[in-house]
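Scroll down for the structure; my scribbles are underneath it.
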Amino acid sequence: MVKSEFDKLGLHYSVVDLGEAIIRENLTSEQRAELAEALKKSGLELMDDKKSMLIEKIKNVIIETIHYTDEALKINFSDHLSEKLGYDYTYLANLFSEVESSTIEHFIIKHKIERVKELLVYDELTLTEIAYRLHYSSVAHLSNQFKKVTGLTPTFFKHLKDKRMGGIENV
């Protein structure tokens, strides 16, 4: 979609990736306004602020790692973020907290719990396998965090899903 907007505006790009695009030429203020408007219509936003761009990169690395990577991290998340983004974790954490009014840790927990919900709904893995895949130290730790965030135990959440699906099958 972003590539299409660049093409419509006659802009040449070398990279278009999740949350980032590199345009070869300098944009005029008119081109910038047109691009911003076109992206806005598609629910996207043109970001010029380096802090905002770094926050988006932090979020993208976290989302990519939790939702789209099944391979276990060999290092902790803070080192992973520092390595991927080329910044000291303390700087990233302070910037994130300043801009988002929440911590990176809370953002990670929120996404891990969303991933747990997805995996429970798919019903292909046991809770032990889910805990291992998402790097929890134990099933108890996962269950406690899940309950703290959702107000439900993973087992009860899965039961609700099964009950709903049973209702659909009886229609």
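The chains in the structure tokens are called A, B, ... from first to last as shown; in each chain the residues are counted from 1, and the ligands are counted from 1 in the order shown.
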Practice item. Apply DSSP to the structure's backbone, then extract all residues of stretch 41-123 of chain A labelled helix (DSSP H, G or I) and return them as an MDAnalysis selection string. Key: chainID A and resid 41 50:68 77:85 89:100 104:122
Exercise for review: Find the residues near A:Asn60: any atom within 12 Å, counting only C-alpha atoms, skip ones fewer than 3 places away on the same chain, and give them as a PyMOL selection string.
Suggested key: chain A and resi 17-20+53-57+63-68+81+84-85+104+107-108+111
Could you write out that same residue set with N, CA and C atoms as an mmCIF file, in the first residue's frame?
data_model
loop_
_atom_site.group_PDB
_atom_site.id
_atom_site.type_symbol
_atom_site.label_atom_id
_atom_site.label_comp_id
_atom_site.auth_asym_id
_atom_site.auth_seq_id
_atom_site.Cartn_x
_atom_site.Cartn_y
_atom_site.Cartn_z
ATOM 1 N N ASP A 17 9.557 -1.009 4.561
ATOM 2 C CA ASP A 17 9.467 -2.093 5.533
ATOM 3 C C ASP A 17 8.444 -1.690 6.582
ATOM 4 N N LEU A 18 8.119 -2.598 7.466
ATOM 5 C CA LEU A 18 7.155 -2.326 8.521
ATOM 6 C C LEU A 18 7.619 -1.146 9.360
ATOM 7 N N GLY A 19 6.873 -0.049 9.284
ATOM 8 C CA GLY A 19 7.187 1.124 10.088
ATOM 9 C C GLY A 19 8.300 2.001 9.568
ATOM 10 N N GLU A 20 8.826 1.696 8.365
ATOM 11 C CA GLU A 20 9.967 2.465 7.873
ATOM 12 C C GLU A 20 10.009 2.460 6.353
ATOM 13 N N MET A 53 9.752 7.757 15.777
ATOM 14 C CA MET A 53 10.178 6.669 14.896
ATOM 15 C C MET A 53 10.874 5.572 15.694
ATOM 16 N N LEU A 54 11.678 5.953 16.678
ATOM 17 C CA LEU A 54 12.362 4.958 17.501
ATOM 18 C C LEU A 54 11.351 4.179 18.355
ATOM 19 N N ILE A 55 10.344 4.864 18.865
ATOM 20 C CA ILE A 55 9.289 4.184 19.637
ATOM 21 C C ILE A 55 8.593 3.159 18.751
ATOM 22 N N GLU A 56 8.280 3.532 17.523
ATOM 23 C CA GLU A 56 7.637 2.588 16.593
ATOM 24 C C GLU A 56 8.542 1.393 16.310
ATOM 25 N N LYS A 57 9.839 1.642 16.192
ATOM 26 C CA LYS A 57 10.779 0.540 15.971
ATOM 27 C C LYS A 57 10.810 -0.400 17.170
ATOM 28 N N ILE A 63 6.651 -6.731 18.801
ATOM 29 C CA ILE A 63 5.539 -7.434 18.143
ATOM 30 C C ILE A 63 6.061 -8.544 17.241
ATOM 31 N N GLU A 64 7.086 -8.250 16.468
ATOM 32 C CA GLU A 64 7.687 -9.250 15.584
ATOM 33 C C GLU A 64 8.187 -10.449 16.384
ATOM 34 N N THR A 65 8.881 -10.165 17.480
ATOM 35 C CA THR A 65 9.465 -11.227 18.297
ATOM 36 C C THR A 65 8.391 -12.081 18.967
ATOM 37 N N ILE A 66 7.371 -11.455 19.506
ATOM 38 C CA ILE A 66 6.343 -12.192 20.250
ATOM 39 C C ILE A 66 5.354 -12.890 19.326
ATOM 40 N N HIS A 67 4.886 -12.201 18.311
ATOM 41 C CA HIS A 67 3.797 -12.730 17.486
ATOM 42 C C HIS A 67 4.247 -13.515 16.254
ATOM 43 N N TYR A 68 5.437 -13.252 15.756
ATOM 44 C CA TYR A 68 5.813 -13.853 14.476
ATOM 45 C C TYR A 68 7.100 -14.663 14.501
ATOM 46 N N LEU A 81 16.481 -6.027 22.266
ATOM 47 C CA LEU A 81 16.101 -4.699 21.760
ATOM 48 C C LEU A 81 17.331 -3.841 21.495
ATOM 49 N N LYS A 84 19.080 -5.146 18.330
ATOM 50 C CA LYS A 84 18.323 -4.878 17.098
ATOM 51 C C LYS A 84 18.319 -3.403 16.715
ATOM 52 N N LEU A 85 18.256 -2.527 17.729
ATOM 53 C CA LEU A 85 18.081 -1.106 17.449
ATOM 54 C C LEU A 85 19.355 -0.277 17.590
ATOM 55 N N ILE A 104 8.292 -0.412 28.692
ATOM 56 C CA ILE A 104 8.499 -1.446 27.682
ATOM 57 C C ILE A 104 8.039 -2.784 28.244
ATOM 58 N N PHE A 107 4.384 -3.197 27.896
ATOM 59 C CA PHE A 107 4.046 -3.419 26.487
ATOM 60 C C PHE A 107 4.335 -4.875 26.108
ATOM 61 N N ILE A 108 5.468 -5.387 26.562
ATOM 62 C CA ILE A 108 5.833 -6.781 26.280
ATOM 63 C C ILE A 108 4.821 -7.730 26.921
ATOM 64 N N HIS A 111 1.513 -7.841 25.074
ATOM 65 C CA HIS A 111 1.578 -8.608 23.822
ATOM 66 C C HIS A 111 1.780 -10.098 24.072
#
Review point. Which polymer residues have any atom within 9 Å of an atom of A:Leu35, counting only C-alpha atoms, with same-chain residues fewer than 5 positions away left out, as number ranges by chain?
Key: A: 5-6, 9, 30, 40, 46
Would you save the residues of that selection, restricted to N, CA, C and O atoms, as a PDB file, in the first residue's frame?
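Okay, this is what ended up in result23.pdb:
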ATOM      1  N   GLU A   5       1.408   4.216  -2.930  1.00  0.00           N
ATOM      2  CA  GLU A   5       1.306   5.673  -2.733  1.00  0.00           C
ATOM      3  C   GLU A   5       2.570   6.369  -3.227  1.00  0.00           C
ATOM      4  O   GLU A   5       2.497   7.440  -3.838  1.00  0.00           O
ATOM      5  N   PHE A   6       3.729   5.776  -2.982  1.00  0.00           N
ATOM      6  CA  PHE A   6       4.977   6.347  -3.488  1.00  0.00           C
ATOM      7  C   PHE A   6       4.951   6.403  -5.016  1.00  0.00           C
ATOM      8  O   PHE A   6       5.333   7.397  -5.616  1.00  0.00           O
ATOM      9  N   LEU A   9       2.778   9.111  -6.416  1.00  0.00           N
ATOM     10  CA  LEU A   9       3.379  10.439  -6.270  1.00  0.00           C
ATOM     11  C   LEU A   9       4.702  10.579  -7.017  1.00  0.00           C
ATOM     12  O   LEU A   9       5.345  11.622  -6.965  1.00  0.00           O
ATOM     13  N   GLU A  30       5.165  20.263  -0.546  1.00  0.00           N
ATOM     14  CA  GLU A  30       3.919  19.844  -1.206  1.00  0.00           C
ATOM     15  C   GLU A  30       3.836  18.314  -1.299  1.00  0.00           C
ATOM     16  O   GLU A  30       2.805  17.719  -1.002  1.00  0.00           O
ATOM     17  N   LYS A  40      -2.711   8.985   5.554  1.00  0.00           N
ATOM     18  CA  LYS A  40      -3.753   9.181   6.566  1.00  0.00           C
ATOM     19  C   LYS A  40      -5.063   8.516   6.134  1.00  0.00           C
ATOM     20  O   LYS A  40      -5.752   7.907   6.948  1.00  0.00           O
ATOM     21  N   LEU A  46       2.563   9.622   8.713  1.00  0.00           N
ATOM     22  CA  LEU A  46       3.919   9.994   8.330  1.00  0.00           C
ATOM     23  C   LEU A  46       4.606  10.570   9.564  1.00  0.00           C
ATOM     24  O   LEU A  46       4.116  11.523  10.168  1.00  0.00           O
TER      25      LEU A  46
END
Exercise for review: Just the residues within 12 Å of A:Asp123, please, counting only C-alpha atoms, with nothing from its chain fewer than 4 positions along; format it as a VMD selection string.
Suggested key: chain A and resid 116 to 119 127 129 to 130 154 to 155 157 to 159 161 to 162
Could you pull out the strand (DSSP E or B) residues of chain A, going by DSSP on the backbone, and write them as an mmCIF file with N, CA and C atoms, in the first residue's frame?
data_model
loop_
_atom_site.group_PDB
_atom_site.id
_atom_site.type_symbol
_atom_site.label_atom_id
_atom_site.label_comp_id
_atom_site.auth_asym_id
_atom_site.auth_seq_id
_atom_site.Cartn_x
_atom_site.Cartn_y
_atom_site.Cartn_z
ATOM 1 N N TYR A 13 11.943 4.904 -4.022
ATOM 2 C CA TYR A 13 12.288 4.406 -2.691
ATOM 3 C C TYR A 13 13.262 3.248 -2.814
ATOM 4 N N SER A 14 14.057 3.084 -1.766
ATOM 5 C CA SER A 14 14.975 1.949 -1.756
ATOM 6 C C SER A 14 14.516 0.890 -0.761
ATOM 7 N N VAL A 15 13.813 1.309 0.292
ATOM 8 C CA VAL A 15 13.323 0.369 1.299
ATOM 9 C C VAL A 15 11.914 0.765 1.717
ATOM 10 N N VAL A 16 11.029 -0.213 1.774
ATOM 11 C CA VAL A 16 9.719 -0.029 2.391
ATOM 12 C C VAL A 16 9.517 -1.253 3.264
ATOM 13 N N ASP A 17 9.557 -1.009 4.561
ATOM 14 C CA ASP A 17 9.467 -2.093 5.533
ATOM 15 C C ASP A 17 8.444 -1.690 6.582
ATOM 16 N N GLU A 20 8.826 1.696 8.365
ATOM 17 C CA GLU A 20 9.967 2.465 7.873
ATOM 18 C C GLU A 20 10.009 2.460 6.353
ATOM 19 N N ALA A 21 10.357 3.599 5.808
ATOM 20 C CA ALA A 21 10.552 3.700 4.362
ATOM 21 C C ALA A 21 11.694 4.680 4.101
ATOM 22 N N ILE A 22 12.494 4.354 3.107
ATOM 23 C CA ILE A 22 13.585 5.247 2.719
ATOM 24 C C ILE A 22 13.304 5.719 1.304
ATOM 25 N N ILE A 23 13.144 7.042 1.171
ATOM 26 C CA ILE A 23 12.873 7.662 -0.127
ATOM 27 C C ILE A 23 14.185 8.248 -0.626
#
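Minimum atom-to-atom distance to A:Tyr91, evaluated using only C-alpha atoms, belongs to A:Lys51 out of A:Lys51, A:Lys59, A:Lys147, A:Arg133.
Minimum atom-to-atom distances from A:Ser137, A:Leu152, A:Ser97, A:Val2 to A:Ala36 were compared using only C-alpha atoms, and the lowest value belongs to A:Val2.
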Can you list, as a short mmCIF file (atom, residue, chain, number, x, y, z; two decimals) with all heavy atoms, in the first residue's frame, every protein, DNA or RNA residue that comes within 12 Å of A:Thr150 when you count only C-alpha atoms, leaving out same-chain residues fewer than 4 positions away?
data_model
loop_
_atom_site.label_atom_id
_atom_site.label_comp_id
_atom_site.auth_asym_id
_atom_site.auth_seq_id
_atom_site.Cartn_x
_atom_site.Cartn_y
_atom_site.Cartn_z
N ILE A 109 4.49 -7.49 28.19
CA ILE A 109 3.53 -8.35 28.89
C ILE A 109 2.19 -8.35 28.18
O ILE A 109 1.58 -9.41 27.96
CB ILE A 109 3.38 -7.91 30.37
CG1 ILE A 109 4.66 -8.22 31.14
CG2 ILE A 109 2.16 -8.55 31.02
CD1 ILE A 109 4.74 -7.59 32.52
N LYS A 110 1.72 -7.17 27.80
CA LYS A 110 0.44 -7.06 27.10
C LYS A 110 0.43 -7.91 25.83
O LYS A 110 -0.52 -8.65 25.55
CB LYS A 110 0.16 -5.59 26.77
CG LYS A 110 -1.22 -5.32 26.21
CD LYS A 110 -1.48 -3.83 26.11
CE LYS A 110 -1.00 -3.35 24.76
NZ LYS A 110 -1.31 -1.96 24.47
N LYS A 112 2.52 -10.44 25.10
CA LYS A 112 2.69 -11.86 25.42
C LYS A 112 1.33 -12.47 25.80
O LYS A 112 1.00 -13.58 25.36
CB LYS A 112 3.71 -12.05 26.55
CG LYS A 112 5.15 -11.89 26.07
CD LYS A 112 6.14 -11.97 27.20
CE LYS A 112 6.49 -13.38 27.52
NZ LYS A 112 7.64 -13.47 28.47
N ILE A 113 0.55 -11.74 26.59
CA ILE A 113 -0.77 -12.26 26.99
C ILE A 113 -1.69 -12.37 25.77
O ILE A 113 -2.43 -13.35 25.63
CB ILE A 113 -1.39 -11.38 28.10
CG1 ILE A 113 -0.54 -11.45 29.37
CG2 ILE A 113 -2.84 -11.79 28.38
CD1 ILE A 113 -0.29 -12.84 29.93
N GLU A 114 -1.62 -11.42 24.85
CA GLU A 114 -2.42 -11.53 23.62
C GLU A 114 -2.01 -12.76 22.82
O GLU A 114 -2.84 -13.46 22.27
CB GLU A 114 -2.29 -10.26 22.77
CG GLU A 114 -3.08 -9.09 23.30
CD GLU A 114 -4.55 -9.39 23.51
OE1 GLU A 114 -5.21 -9.92 22.59
OE2 GLU A 114 -5.05 -9.11 24.61
N VAL A 116 -0.64 -15.49 24.12
CA VAL A 116 -1.14 -16.64 24.88
C VAL A 116 -2.60 -16.89 24.51
O VAL A 116 -3.00 -18.03 24.27
CB VAL A 116 -0.99 -16.43 26.41
CG1 VAL A 116 -1.72 -17.52 27.19
CG2 VAL A 116 0.48 -16.40 26.81
N LYS A 117 -3.41 -15.82 24.46
CA LYS A 117 -4.82 -15.97 24.10
C LYS A 117 -4.97 -16.62 22.72
O LYS A 117 -5.77 -17.53 22.54
CB LYS A 117 -5.52 -14.61 24.08
CG LYS A 117 -5.77 -14.01 25.43
CD LYS A 117 -6.45 -12.66 25.20
CE LYS A 117 -6.64 -11.84 26.41
NZ LYS A 117 -7.23 -10.53 26.08
N LEU A 142 3.23 -17.81 34.05
CA LEU A 142 2.33 -17.44 32.94
C LEU A 142 0.91 -17.28 33.47
O LEU A 142 0.25 -16.28 33.17
CB LEU A 142 2.37 -18.52 31.85
CG LEU A 142 1.52 -18.26 30.61
CD1 LEU A 142 2.09 -18.99 29.42
CD2 LEU A 142 0.08 -18.65 30.79
N SER A 143 0.43 -18.24 34.24
CA SER A 143 -0.95 -18.20 34.75
C SER A 143 -1.19 -16.98 35.63
O SER A 143 -2.23 -16.32 35.51
CB SER A 143 -1.26 -19.47 35.53
OG SER A 143 -1.22 -20.59 34.67
N ASN A 144 -0.23 -16.67 36.51
CA ASN A 144 -0.37 -15.50 37.37
C ASN A 144 -0.42 -14.21 36.56
O ASN A 144 -1.24 -13.33 36.82
CB ASN A 144 0.78 -15.43 38.38
CG ASN A 144 0.64 -16.48 39.47
OD1 ASN A 144 -0.45 -16.96 39.76
ND2 ASN A 144 1.76 -16.86 40.07
N GLN A 145 0.46 -14.10 35.56
CA GLN A 145 0.48 -12.89 34.74
C GLN A 145 -0.79 -12.79 33.90
O GLN A 145 -1.37 -11.72 33.77
CB GLN A 145 1.72 -12.91 33.83
CG GLN A 145 2.10 -11.54 33.35
CD GLN A 145 3.46 -11.56 32.70
OE1 GLN A 145 3.62 -12.11 31.62
NE2 GLN A 145 4.44 -10.94 33.36
N PHE A 146 -1.25 -13.91 33.37
CA PHE A 146 -2.47 -13.94 32.57
C PHE A 146 -3.65 -13.46 33.41
O PHE A 146 -4.45 -12.63 32.97
CB PHE A 146 -2.72 -15.38 32.06
CG PHE A 146 -3.79 -15.49 31.02
CD1 PHE A 146 -3.48 -15.45 29.67
CD2 PHE A 146 -5.13 -15.65 31.38
CE1 PHE A 146 -4.47 -15.56 28.70
CE2 PHE A 146 -6.12 -15.76 30.41
CZ PHE A 146 -5.78 -15.72 29.07
N PRO A 154 -5.91 -18.93 32.54
CA PRO A 154 -5.85 -19.47 31.17
C PRO A 154 -6.85 -20.61 30.96
O PRO A 154 -7.48 -20.69 29.90
CB PRO A 154 -4.41 -19.96 31.04
CG PRO A 154 -3.64 -19.17 32.02
CD PRO A 154 -4.58 -18.92 33.16
N PHE A 156 -9.76 -21.07 32.48
CA PHE A 156 -11.11 -20.52 32.38
C PHE A 156 -11.31 -19.83 31.03
O PHE A 156 -12.36 -19.97 30.39
CB PHE A 156 -11.41 -19.55 33.53
CG PHE A 156 -12.85 -19.14 33.60
CD1 PHE A 156 -13.81 -20.01 34.09
CD2 PHE A 156 -13.25 -17.90 33.15
CE1 PHE A 156 -15.15 -19.65 34.15
CE2 PHE A 156 -14.58 -17.52 33.19
CZ PHE A 156 -15.54 -18.40 33.70
N PHE A 157 -10.29 -19.11 30.57
CA PHE A 157 -10.35 -18.45 29.25
C PHE A 157 -10.59 -19.50 28.16
O PHE A 157 -11.44 -19.33 27.30
CB PHE A 157 -9.06 -17.68 28.97
CG PHE A 157 -9.02 -17.04 27.61
CD1 PHE A 157 -9.62 -15.80 27.40
CD2 PHE A 157 -8.40 -17.67 26.54
CE1 PHE A 157 -9.60 -15.21 26.14
CE2 PHE A 157 -8.37 -17.09 25.29
CZ PHE A 157 -8.97 -15.85 25.08
#
